[in-house]
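Content type JSON, C-alpha atoms, from the file start.json:
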[["chain", "number", "residue", "atom", "x", "y", "z"],
["A", 375, "MET", "CA", -9.77, -0.77, 2.81],
["A", 376, "ARG", "CA", -9.58, 2.62, 4.44],
["A", 377, "ARG", "CA", -7.59, 4.01, 1.53],
["A", 378, "ALA", "CA", -10.15, 2.71, -0.94],
["A", 379, "LEU", "CA", -12.86, 4.33, 1.11],
["A", 380, "LYS", "CA", -11.08, 7.68, 1.14],
["A", 381, "GLN", "CA", -10.65, 7.63, -2.61],
["A", 382, "PHE", "CA", -14.26, 6.73, -3.12],
["A", 383, "ALA", "CA", -15.64, 9.12, -0.55],
["A", 384, "GLY", "CA", -13.31, 11.91, -1.65],
["A", 385, "LEU", "CA", -14.42, 11.44, -5.20],
["A", 386, "ARG", "CA", -18.11, 11.53, -4.39],
["A", 387, "GLN", "CA", -18.36, 14.00, -1.58],
["A", 388, "PRO", "CA", -20.09, 16.34, -1.66],
["A", 389, "ALA", "CA", -21.05, 15.82, -5.32],
["A", 390, "ALA", "CA", -24.52, 14.64, -6.30],
["A", 391, "ALA", "CA", -25.45, 10.97, -5.91],
["A", 392, "ASP", "CA", -23.97, 8.56, -8.43],
["A", 393, "PRO", "CA", -26.79, 8.08, -10.97],
["A", 394, "GLU", "CA", -25.86, 4.44, -11.61],
["A", 395, "VAL", "CA", -25.90, 3.60, -7.90],
["A", 396, "LEU", "CA", -29.19, 5.44, -7.54],
["A", 397, "ARG", "CA", -30.61, 3.43, -10.43],
["A", 398, "GLU", "CA", -29.63, 0.18, -8.66],
["A", 399, "LEU", "CA", -31.43, 1.35, -5.51],
["A", 400, "ARG", "CA", -34.57, 2.18, -7.49],
["A", 401, "VAL", "CA", -34.48, -1.18, -9.26],
["A", 402, "LEU", "CA", -34.17, -2.93, -5.88],
["A", 403, "ARG", "CA", -37.14, -1.04, -4.46],
["A", 404, "SER", "CA", -39.27, -1.76, -7.50],
["A", 405, "ARG", "CA", -38.43, -5.48, -7.41],
["A", 406, "VAL", "CA", -39.27, -6.19, -3.77],
["A", 407, "PRO", "CA", -42.72, -5.41, -2.36],
["A", 408, "HIS", "CA", -42.86, -3.64, 1.02],
["A", 409, "LEU", "CA", -39.27, -2.50, 0.69],
["A", 410, "THR", "CA", -39.66, 1.13, 1.69],
["A", 411, "GLY", "CA", -36.15, 2.48, 1.33],
["A", 412, "ALA", "CA", -32.63, 1.77, 0.12],
["A", 413, "LEU", "CA", -29.42, 3.70, 0.75],
["A", 414, "ALA", "CA", -25.88, 3.27, -0.50],
["A", 415, "VAL", "CA", -23.47, 4.39, 2.20],
["A", 416, "GLY", "CA", -19.70, 4.78, 2.17],
["A", 417, "THR", "CA", -18.07, 2.81, 4.99],
["A", 418, "GLY", "CA", -17.16, 6.14, 6.60],
["A", 419, "GLY", "CA", -20.81, 7.16, 6.81],
["A", 420, "VAL", "CA", -21.05, 9.29, 3.67],
["A", 421, "LEU", "CA", -24.39, 8.97, 1.87],
["A", 422, "LEU", "CA", -23.59, 7.94, -1.72],
["A", 423, "ALA", "CA", -27.16, 7.66, -2.99],
["A", 424, "GLU", "CA", -30.59, 7.17, -1.46],
["A", 425, "ASP", "CA", -34.07, 6.16, -2.45],
["A", 426, "ALA", "CA", -35.72, 6.34, 0.94],
["A", 427, "PRO", "CA", -38.51, 8.91, 1.06],
["A", 428, "GLY", "CA", -39.67, 10.03, 4.49],
["A", 429, "THR", "CA", -36.50, 8.98, 6.31],
["A", 430, "GLN", "CA", -33.58, 10.84, 7.84],
["A", 431, "ALA", "CA", -31.20, 9.52, 5.21],
["A", 432, "ALA", "CA", -28.06, 11.24, 6.48],
["A", 433, "ALA", "CA", -28.60, 10.00, 10.04],
["A", 434, "LEU", "CA", -29.35, 6.50, 8.76],
["A", 435, "ALA", "CA", -26.16, 6.58, 6.69],
["A", 436, "ALA", "CA", -24.05, 7.59, 9.69],
["A", 437, "LEU", "CA", -25.64, 4.94, 11.95],
["A", 438, "THR", "CA", -25.33, 2.25, 9.28],
["A", 439, "ALA", "CA", -21.59, 2.93, 9.09],
["A", 440, "ALA", "CA", -21.32, 2.78, 12.88],
["A", 441, "ALA", "CA", -23.31, -0.47, 13.04],
["A", 442, "LEU", "CA", -21.19, -1.85, 10.20],
["A", 443, "ALA", "CA", -17.97, -1.12, 12.10],
["A", 444, "ASP", "CA", -19.34, -3.05, 15.11],
["A", 445, "ALA", "CA", -20.59, -5.87, 12.89],
["A", 446, "LEU", "CA", -17.16, -6.17, 11.26],
["A", 447, "ARG", "CA", -15.50, -6.42, 14.68],
["A", 448, "LEU", "CA", -18.12, -8.88, 15.91],
["A", 449, "ALA", "CA", -17.74, -11.13, 12.86],
["A", 450, "ASP", "CA", -13.98, -10.92, 13.20],
["A", 451, "THR", "CA", -13.95, -11.69, 16.95],
["A", 452, "ALA", "CA", -16.34, -14.58, 16.44],
["A", 453, "ASP", "CA", -14.09, -15.77, 13.60],
["A", 454, "ARG", "CA", -16.94, -15.65, 11.06],
["A", 455, "GLY", "CA", -14.86, -14.11, 8.28],
["A", 456, "HIS", "CA", -15.79, -11.12, 6.17],
["A", 457, "PHE", "CA", -18.97, -9.17, 6.81],
["A", 458, "ARG", "CA", -21.89, -10.20, 4.61],
["A", 459, "GLU", "CA", -25.05, -8.76, 6.14],
["A", 460, "LEU", "CA", -26.74, -7.42, 9.23],
["A", 461, "LEU", "CA", -30.47, -7.68, 9.95],
["A", 462, "VAL", "CA", -32.34, -5.76, 12.63],
["A", 463, "ARG", "CA", -36.00, -6.58, 13.19],
["A", 464, "GLY", "CA", -38.07, -4.01, 15.05],
["A", 465, "GLU", "CA", -41.76, -4.03, 15.91],
["A", 466, "LYS", "CA", -42.48, -1.92, 12.84],
["A", 467, "GLY", "CA", -40.26, -3.66, 10.32],
["A", 468, "TYR", "CA", -36.71, -4.39, 9.29],
["A", 469, "VAL", "CA", -33.45, -2.50, 8.82],
["A", 470, "ALA", "CA", -30.75, -4.46, 7.06],
["A", 471, "ALA", "CA", -27.22, -3.77, 5.84],
["A", 472, "TYR", "CA", -25.50, -5.73, 3.08],
["A", 473, "ALA", "CA", -21.85, -5.77, 2.07],
["A", 474, "ALA", "CA", -21.19, -3.81, -1.14],
["A", 475, "GLY", "CA", -17.46, -4.16, -1.61],
["A", 476, "PRO", "CA", -14.72, -2.69, 0.60],
["A", 477, "ALA", "CA", -15.85, 0.92, 0.31],
["A", 478, "ALA", "CA", -19.64, 0.81, 0.55],
["A", 479, "VAL", "CA", -22.58, -0.80, 2.27],
["A", 480, "LEU", "CA", -26.21, -1.10, 1.21],
["A", 481, "ALA", "CA", -28.84, -0.26, 3.83],
["A", 482, "VAL", "CA", -32.42, -1.39, 3.32],
["A", 483, "LEU", "CA", -35.67, -0.52, 5.13],
["A", 484, "ALA", "CA", -38.72, -2.76, 4.94],
["A", 485, "GLU", "CA", -42.18, -3.19, 6.41],
["A", 486, "PRO", "CA", -42.89, -6.04, 8.84],
["A", 487, "ARG", "CA", -44.79, -7.99, 6.17],
["A", 488, "ALA", "CA", -41.85, -7.91, 3.74],
["A", 489, "ASN", "CA", -40.51, -11.21, 2.41],
["A", 490, "VAL", "CA", -37.10, -11.32, 4.11],
["A", 491, "GLY", "CA", -35.94, -14.23, 1.98],
["A", 492, "ARG", "CA", -36.63, -12.15, -1.11],
["A", 493, "ILE", "CA", -34.93, -9.08, 0.39],
["A", 494, "HIS", "CA", -31.82, -11.16, 1.09],
["A", 495, "LEU", "CA", -31.71, -12.50, -2.47],
["A", 496, "GLU", "CA", -32.28, -9.15, -4.18],
["A", 497, "ALA", "CA", -30.20, -6.99, -1.82],
["A", 498, "ARG", "CA", -27.18, -9.32, -2.04],
["A", 499, "ARG", "CA", -27.23, -8.91, -5.82],
["A", 500, "THR", "CA", -27.68, -5.14, -5.57],
["A", 501, "GLY", "CA", -24.82, -4.99, -3.04],
["A", 502, "ALA", "CA", -22.55, -6.84, -5.47],
["A", 503, "ARG", "CA", -23.51, -4.48, -8.31],
["A", 504, "ILE", "CA", -22.89, -1.39, -6.16],
["A", 505, "ALA", "CA", -19.51, -2.90, -5.22],
["A", 506, "ARG", "CA", -18.63, -3.14, -8.92],
["A", 507, "LEU", "CA", -19.76, 0.43, -9.55],
["A", 508, "ALA", "CA", -17.73, 1.65, -6.57],
["A", 509, "ALA", "CA", -14.66, -0.31, -7.71],
["A", 510, "GLY", "CA", -15.01, 1.18, -11.18],
["A", 511, "ALA", "CA", -15.07, 4.66, -9.65],
["A", 512, "ASP", "CA", -11.93, 3.86, -7.65],
["A", 513, "GLU", "CA", -9.98, 2.51, -10.57],
["A", 514, "ARG", "CA", -10.78, 5.25, -13.03],
["A", 515, "PRO", "CA", -11.07, 8.50, -11.08],
["A", 516, "GLU", "CA", -9.92, 10.50, -14.13],
["A", 517, "ASP", "CA", -12.96, 9.31, -16.06],
["A", 518, "ASP", "CA", -15.34, 11.20, -13.81],
["B", 309, "MET", "CA", -43.98, -37.57, 14.96],
["B", 310, "ALA", "CA", -40.94, -36.52, 12.94],
["B", 311, "ASN", "CA", -38.68, -33.47, 13.07],
["B", 312, "VAL", "CA", -38.02, -31.10, 10.17],
["B", 313, "GLU", "CA", -34.91, -32.82, 8.88],
["B", 314, "THR", "CA", -36.39, -36.32, 9.01],
["B", 315, "SER", "CA", -39.58, -35.16, 7.29],
["B", 316, "LEU", "CA", -37.72, -33.45, 4.46],
["B", 317, "LYS", "CA", -35.44, -36.45, 3.99],
["B", 318, "GLU", "CA", -38.48, -38.68, 3.85],
["B", 319, "ALA", "CA", -40.08, -36.44, 1.23],
["B", 320, "MET", "CA", -36.91, -36.80, -0.84],
["B", 321, "THR", "CA", -36.53, -40.57, -0.47],
["B", 322, "ALA", "CA", -40.10, -41.87, -0.17],
["B", 323, "ILE", "CA", -41.64, -39.76, -2.92],
["B", 324, "GLU", "CA", -40.67, -40.96, -6.39],
["B", 325, "GLY", "CA", -39.15, -38.28, -8.62],
["B", 326, "SER", "CA", -38.30, -35.77, -5.86],
["B", 327, "LEU", "CA", -35.79, -33.10, -6.90],
["B", 328, "GLY", "CA", -35.84, -31.01, -3.74],
["B", 329, "ALA", "CA", -37.92, -30.20, -0.67],
["B", 330, "ALA", "CA", -38.09, -27.29, 1.73],
["B", 331, "LEU", "CA", -40.00, -26.18, 4.81],
["B", 332, "VAL", "CA", -40.67, -22.47, 4.46],
["B", 333, "ASP", "CA", -41.86, -19.75, 6.82],
["B", 334, "TYR", "CA", -44.05, -17.55, 4.63],
["B", 335, "THR", "CA", -44.21, -14.71, 7.14],
["B", 336, "SER", "CA", -40.50, -14.13, 6.41],
["B", 337, "GLY", "CA", -39.86, -16.04, 3.15],
["B", 338, "MET", "CA", -37.01, -17.95, 4.77],
["B", 339, "ALA", "CA", -36.52, -21.72, 4.66],
["B", 340, "LEU", "CA", -36.46, -23.59, 7.98],
["B", 341, "GLY", "CA", -34.89, -26.54, 6.24],
["B", 342, "THR", "CA", -33.98, -27.76, 2.76],
["B", 343, "VAL", "CA", -33.05, -31.11, 1.25],
["B", 344, "GLY", "CA", -31.91, -31.77, -2.30],
["B", 345, "GLY", "CA", -31.94, -29.03, -4.89],
["B", 346, "GLY", "CA", -28.60, -27.86, -6.25],
["B", 347, "LYS", "CA", -27.30, -25.73, -9.08],
["B", 348, "ASP", "CA", -30.46, -26.09, -11.16],
["B", 349, "LEU", "CA", -32.82, -25.62, -8.21],
["B", 350, "ASP", "CA", -31.80, -23.12, -5.53],
["B", 351, "LEU", "CA", -34.20, -23.93, -2.70],
["B", 352, "ASN", "CA", -33.66, -20.59, -0.94],
["B", 353, "VAL", "CA", -34.75, -18.80, -4.10],
["B", 354, "ALA", "CA", -37.70, -21.19, -4.34],
["B", 355, "ALA", "CA", -38.61, -20.49, -0.70],
["B", 356, "ALA", "CA", -38.65, -16.73, -1.20],
["B", 357, "GLY", "CA", -40.44, -16.89, -4.57],
["B", 358, "ASN", "CA", -43.11, -19.35, -3.51],
["B", 359, "THR", "CA", -43.77, -17.28, -0.40],
["B", 360, "ASP", "CA", -45.05, -14.63, -2.82],
["B", 361, "VAL", "CA", -47.20, -17.29, -4.52],
["B", 362, "VAL", "CA", -48.79, -18.38, -1.23],
["B", 363, "ARG", "CA", -49.32, -14.81, -0.06],
["B", 364, "ALA", "CA", -50.93, -13.84, -3.38],
["B", 365, "LYS", "CA", -53.37, -16.76, -3.12],
["B", 366, "VAL", "CA", -54.23, -15.96, 0.50],
["B", 367, "ARG", "CA", -54.90, -12.33, -0.52],
["B", 368, "THR", "CA", -56.99, -13.41, -3.51],
["B", 369, "MET", "CA", -59.16, -15.60, -1.29],
["B", 370, "GLU", "CA", -59.66, -12.71, 1.12],
["B", 371, "MET", "CA", -60.71, -10.45, -1.78],
["B", 372, "LEU", "CA", -63.11, -13.11, -3.04],
["B", 373, "GLY", "CA", -64.57, -13.37, 0.43],
["B", 374, "LEU", "CA", -63.79, -17.09, 0.64],
["B", 375, "LYS", "CA", -63.73, -18.09, 4.27],
["B", 376, "ASP", "CA", -61.64, -21.15, 3.66],
["B", 377, "GLU", "CA", -58.01, -22.18, 3.84],
["B", 378, "ILE", "CA", -55.49, -23.47, 1.31],
["B", 379, "GLU", "CA", -54.71, -27.15, 1.60],
["B", 380, "ASP", "CA", -52.21, -27.36, -1.23],
["B", 381, "ILE", "CA", -51.13, -25.65, -4.47],
["B", 382, "LEU", "CA", -49.99, -27.49, -7.58],
["B", 383, "ILE", "CA", -47.89, -25.82, -10.26],
["B", 384, "THR", "CA", -47.34, -27.84, -13.42],
["B", 385, "LEU", "CA", -44.32, -26.99, -15.54],
["B", 386, "GLY", "CA", -43.16, -28.59, -18.77],
["B", 387, "GLY", "CA", -40.80, -30.95, -17.00],
["B", 388, "GLN", "CA", -41.64, -30.61, -13.30],
["B", 389, "TYR", "CA", -44.41, -30.54, -10.75],
["B", 390, "HIS", "CA", -44.14, -28.13, -7.85],
["B", 391, "LEU", "CA", -46.27, -28.96, -4.82],
["B", 392, "ILE", "CA", -46.91, -26.52, -1.99],
["B", 393, "ARG", "CA", -48.62, -27.89, 1.09],
["B", 394, "LEU", "CA", -49.57, -25.53, 3.91],
["B", 395, "LEU", "CA", -49.10, -26.79, 7.47],
["B", 396, "ARG", "CA", -52.23, -26.80, 9.52],
["B", 397, "GLY", "CA", -53.11, -27.00, 13.21],
["B", 398, "ARG", "CA", -50.78, -27.45, 16.19],
["B", 399, "GLY", "CA", -49.81, -23.77, 16.04],
["B", 400, "ASN", "CA", -47.89, -24.33, 12.79],
["B", 401, "ASN", "CA", -49.50, -21.44, 10.98],
["B", 402, "GLY", "CA", -47.38, -19.57, 8.51],
["B", 403, "LEU", "CA", -45.40, -22.56, 7.22],
["B", 404, "PHE", "CA", -45.53, -24.57, 4.02],
["B", 405, "LEU", "CA", -43.81, -27.61, 2.60],
["B", 406, "TYR", "CA", -42.44, -27.19, -0.91],
["B", 407, "LEU", "CA", -41.66, -30.17, -3.12],
["B", 408, "ALA", "CA", -40.25, -30.15, -6.66],
["B", 409, "LEU", "CA", -40.79, -33.32, -8.70],
["B", 410, "ASP", "CA", -39.48, -34.65, -11.99],
["B", 411, "LYS", "CA", -42.62, -34.93, -14.12],
["B", 412, "THR", "CA", -41.42, -37.99, -16.03],
["B", 413, "ARG", "CA", -40.73, -40.00, -12.86],
["B", 414, "ALA", "CA", -43.38, -38.72, -10.45],
["B", 415, "ASN", "CA", -46.82, -40.09, -9.69],
["B", 416, "LEU", "CA", -48.73, -36.95, -8.81],
["B", 417, "ALA", "CA", -51.56, -38.59, -6.84],
["B", 418, "MET", "CA", -49.11, -40.68, -4.84],
["B", 419, "ALA", "CA", -46.81, -37.70, -4.23],
["B", 420, "ARG", "CA", -49.71, -35.60, -2.96],
["B", 421, "HIS", "CA", -50.90, -38.42, -0.70],
["B", 422, "GLN", "CA", -47.42, -38.96, 0.75],
["B", 423, "LEU", "CA", -46.79, -35.26, 1.28],
["B", 424, "ARG", "CA", -50.08, -35.07, 3.20],
["B", 425, "ARG", "CA", -48.91, -37.92, 5.45],
["B", 426, "ILE", "CA", -45.47, -36.33, 5.97],
["B", 427, "GLU", "CA", -47.13, -33.02, 6.85],
["B", 428, "ALA", "CA", -49.45, -34.71, 9.37],
["B", 429, "GLU", "CA", -46.49, -36.35, 11.12],
["B", 430, "LEU", "CA", -44.24, -33.30, 11.08],
["B", 431, "GLU", "CA", -43.54, -31.69, 14.43],
["B", 432, "ILE", "CA", -41.76, -28.33, 14.58]]

Output the file's structure as structure tokens, nothing else.
Amino acid sequence: MRRALKQFAGLRQPAAADPEVLRELRVLRSRVPHLTGALAVGTGGVLLAEDAPGTQAAALAALTAAALADALRLADTADRGHFRELLVRGEKGYVAAYAAGPAAVLAVLAEPRANVGRIHLEARRTGARIARLAAGADERPEDD
Amino acid sequence: MANVETSLKEAMTAIEGSLGAALVDYTSGMALGTVGGGKDLDLNVAAAGNTDVVRAKVRTMEMLGLKDEIEDILITLGGQYHLIRLLRGRGNNGLFLYLALDKTRANLAMARHQLRRIEAELEI
């Protein structure tokens, strides 16, 4: 997993955001009301793409990766298998992280009135699509 | 008084033509319980989607200045009826029962009557 991450991160950093990943984030935001931001983050904390105006995207990316590392350990220790998602509910809304393959994670910000069921459904799909995009980038680095 | 699981099971067995039932929290869009459904009817998708339906209707009533509350919502498809019944009283605000029925087998008036009874007896 770590090797995959290095390839992916090495390929993307510090180049501009992957336009296909960015498109997925924009589609996600347009599909779910009250979803205020979406970020694709490498598991090492590198920001791959973001559509999250008015946020500290780089800091969010780093913290998402840190939270992900803890969530992976927690799921593993509790014998719950591979990481799927992480949901934090604050007084002013939600921050969630969804698995997006071995090299990336999708972070999502939403208002308190957001439809969490809907966010789960849409973000899981987006996570899977980002995973495919990331895998494609890993397999064919010479194409880029 | 019946708990969530018993109530949903009763909706599935007592109401003729039931395809699936769910109790949904429309503040979050998440299902508190589901019975039935399957490959052709994902009840978690239905919970999230119908949350948007209920919210849209609540908003519309606010905009119209109607100081009233929704008792139930009926959606008629080609082959199915979808019934949404909002829970009332007893601090159960923000929840609805969702029931999908096979149109060819269901008796709509009876289904609505029975769902009202199940809702009245449901205790969260």

What is the distance between atom CA of B:Gly357 and atom CA of A:Asn489, in Å to one decimal?
9.0 Å

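From atom CA of A:Leu446 back to atom CA of A:Val401, the distance works out to 27.3 Å.
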
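With all atoms listed in the file taken into account, the protein and nucleic acid residues at most 7 Å from stretch 410-422 of chain A (excluding it and anything under 2 positions from it in its own chain) are A:Leu379, A:Ala383, A:Ala391, A:Asp392, A:Leu399, A:Arg403, A:His408, A:Glu424, A:Asp425, A:Ala426, A:Pro427, A:Ala432, A:Ala435, A:Ala436, A:Ala439, A:Ala477, A:Ala478, A:Val479, A:Leu480, A:Ala481, A:Val482, A:Leu483, A:Ala484, A:Glu485.
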
For chain B, list the residues within 9 Å of chain A, counting all atoms listed in the file, and write the list as number ranges by chain.
B: 334-339, 352-353, 355-357, 359-360

Nearest to B:Glu318, chosen from B:Leu403, B:Leu394, B:Val343, B:Leu372, with only C-alpha atoms counted in the distances
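Answer, going by the shortest atom-to-atom distance: B:Val343.
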
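Closest approach to A:Asp444 among A:Gln430, A:Ala473, A:Ala505, A:Leu460: A:Leu460, based on all atoms listed in the file.
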
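Of the residues listed (A:Gly455, A:Gly475, A:Pro393, A:Gly467), A:Gly467 shows the shortest atom-to-atom separation from A:Leu409; distances use only C-alpha atoms.
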
If I take atom CA of B:Gly386 and atom CA of B:Thr368, how far is one from the other in Å, to one decimal?
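Atom CA of B:Thr368 lies at a distance of 25.6 Å from atom CA of B:Gly386.
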
Padding 4 Å on every side, please: axis-aligned box over the listed atoms of stretch 379-391 of chain B, centre and edge lengths to one decimal in Å, as AutoDock Vina command-line options.
--center_x -47.8 --center_y -28.3 --center_z -8.6 --size_x 21.9 --size_y 13.3 --size_z 28.4

As a PDB file with C-alpha atoms, in the coordinates of the input, please: the residues near B:Arg393 (cut-off 12 Å, all atoms listed in the file, same-chain neighbours under 2 positions excluded).
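Dumped to selection_13.pdb:
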ATOM      1  CA  ALA B 329     -37.920 -30.200  -0.670  1.00  0.00           C
ATOM      2  CA  ALA B 330     -38.090 -27.290   1.730  1.00  0.00           C
ATOM      3  CA  LEU B 331     -40.000 -26.180   4.810  1.00  0.00           C
ATOM      4  CA  VAL B 332     -40.670 -22.470   4.460  1.00  0.00           C
ATOM      5  CA  TYR B 334     -44.050 -17.550   4.630  1.00  0.00           C
ATOM      6  CA  ASN B 358     -43.110 -19.350  -3.510  1.00  0.00           C
ATOM      7  CA  THR B 359     -43.770 -17.280  -0.400  1.00  0.00           C
ATOM      8  CA  VAL B 362     -48.790 -18.380  -1.230  1.00  0.00           C
ATOM      9  CA  GLU B 377     -58.010 -22.180   3.840  1.00  0.00           C
ATOM     10  CA  ILE B 378     -55.490 -23.470   1.310  1.00  0.00           C
ATOM     11  CA  GLU B 379     -54.710 -27.150   1.600  1.00  0.00           C
ATOM     12  CA  ASP B 380     -52.210 -27.360  -1.230  1.00  0.00           C
ATOM     13  CA  ILE B 381     -51.130 -25.650  -4.470  1.00  0.00           C
ATOM     14  CA  LEU B 382     -49.990 -27.490  -7.580  1.00  0.00           C
ATOM     15  CA  ILE B 383     -47.890 -25.820 -10.260  1.00  0.00           C
ATOM     16  CA  HIS B 390     -44.140 -28.130  -7.850  1.00  0.00           C
ATOM     17  CA  LEU B 391     -46.270 -28.960  -4.820  1.00  0.00           C
ATOM     18  CA  LEU B 395     -49.100 -26.790   7.470  1.00  0.00           C
ATOM     19  CA  ARG B 396     -52.230 -26.800   9.520  1.00  0.00           C
ATOM     20  CA  ASN B 401     -49.500 -21.440  10.980  1.00  0.00           C
ATOM     21  CA  GLY B 402     -47.380 -19.570   8.510  1.00  0.00           C
ATOM     22  CA  LEU B 403     -45.400 -22.560   7.220  1.00  0.00           C
ATOM     23  CA  PHE B 404     -45.530 -24.570   4.020  1.00  0.00           C
ATOM     24  CA  LEU B 405     -43.810 -27.610   2.600  1.00  0.00           C
ATOM     25  CA  TYR B 406     -42.440 -27.190  -0.910  1.00  0.00           C
ATOM     26  CA  LEU B 407     -41.660 -30.170  -3.120  1.00  0.00           C
ATOM     27  CA  ALA B 408     -40.250 -30.150  -6.660  1.00  0.00           C
ATOM     28  CA  ALA B 419     -46.810 -37.700  -4.230  1.00  0.00           C
ATOM     29  CA  ARG B 420     -49.710 -35.600  -2.960  1.00  0.00           C
ATOM     30  CA  HIS B 421     -50.900 -38.420  -0.700  1.00  0.00           C
ATOM     31  CA  GLN B 422     -47.420 -38.960   0.750  1.00  0.00           C
ATOM     32  CA  LEU B 423     -46.790 -35.260   1.280  1.00  0.00           C
ATOM     33  CA  ARG B 424     -50.080 -35.070   3.200  1.00  0.00           C
ATOM     34  CA  ARG B 425     -48.910 -37.920   5.450  1.00  0.00           C
ATOM     35  CA  ILE B 426     -45.470 -36.330   5.970  1.00  0.00           C
ATOM     36  CA  GLU B 427     -47.130 -33.020   6.850  1.00  0.00           C
ATOM     37  CA  ALA B 428     -49.450 -34.710   9.370  1.00  0.00           C
TER      38      ALA B 428
END

List the residues sitting within 12 Å of (-30.2, -28.8, -8.2) in the file's frame, using all atoms listed in the file, as a list in words.
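Every residue inside that radius is included here: Ser326, Leu327, Gly328, Ala329, Thr342, Val343, Gly344, Gly345, Gly346, Lys347, Asp348, Leu349, Asp350, Leu351, Asn352, Val353, Ala354, Ala408, Leu409 and Asp410 of chain B.
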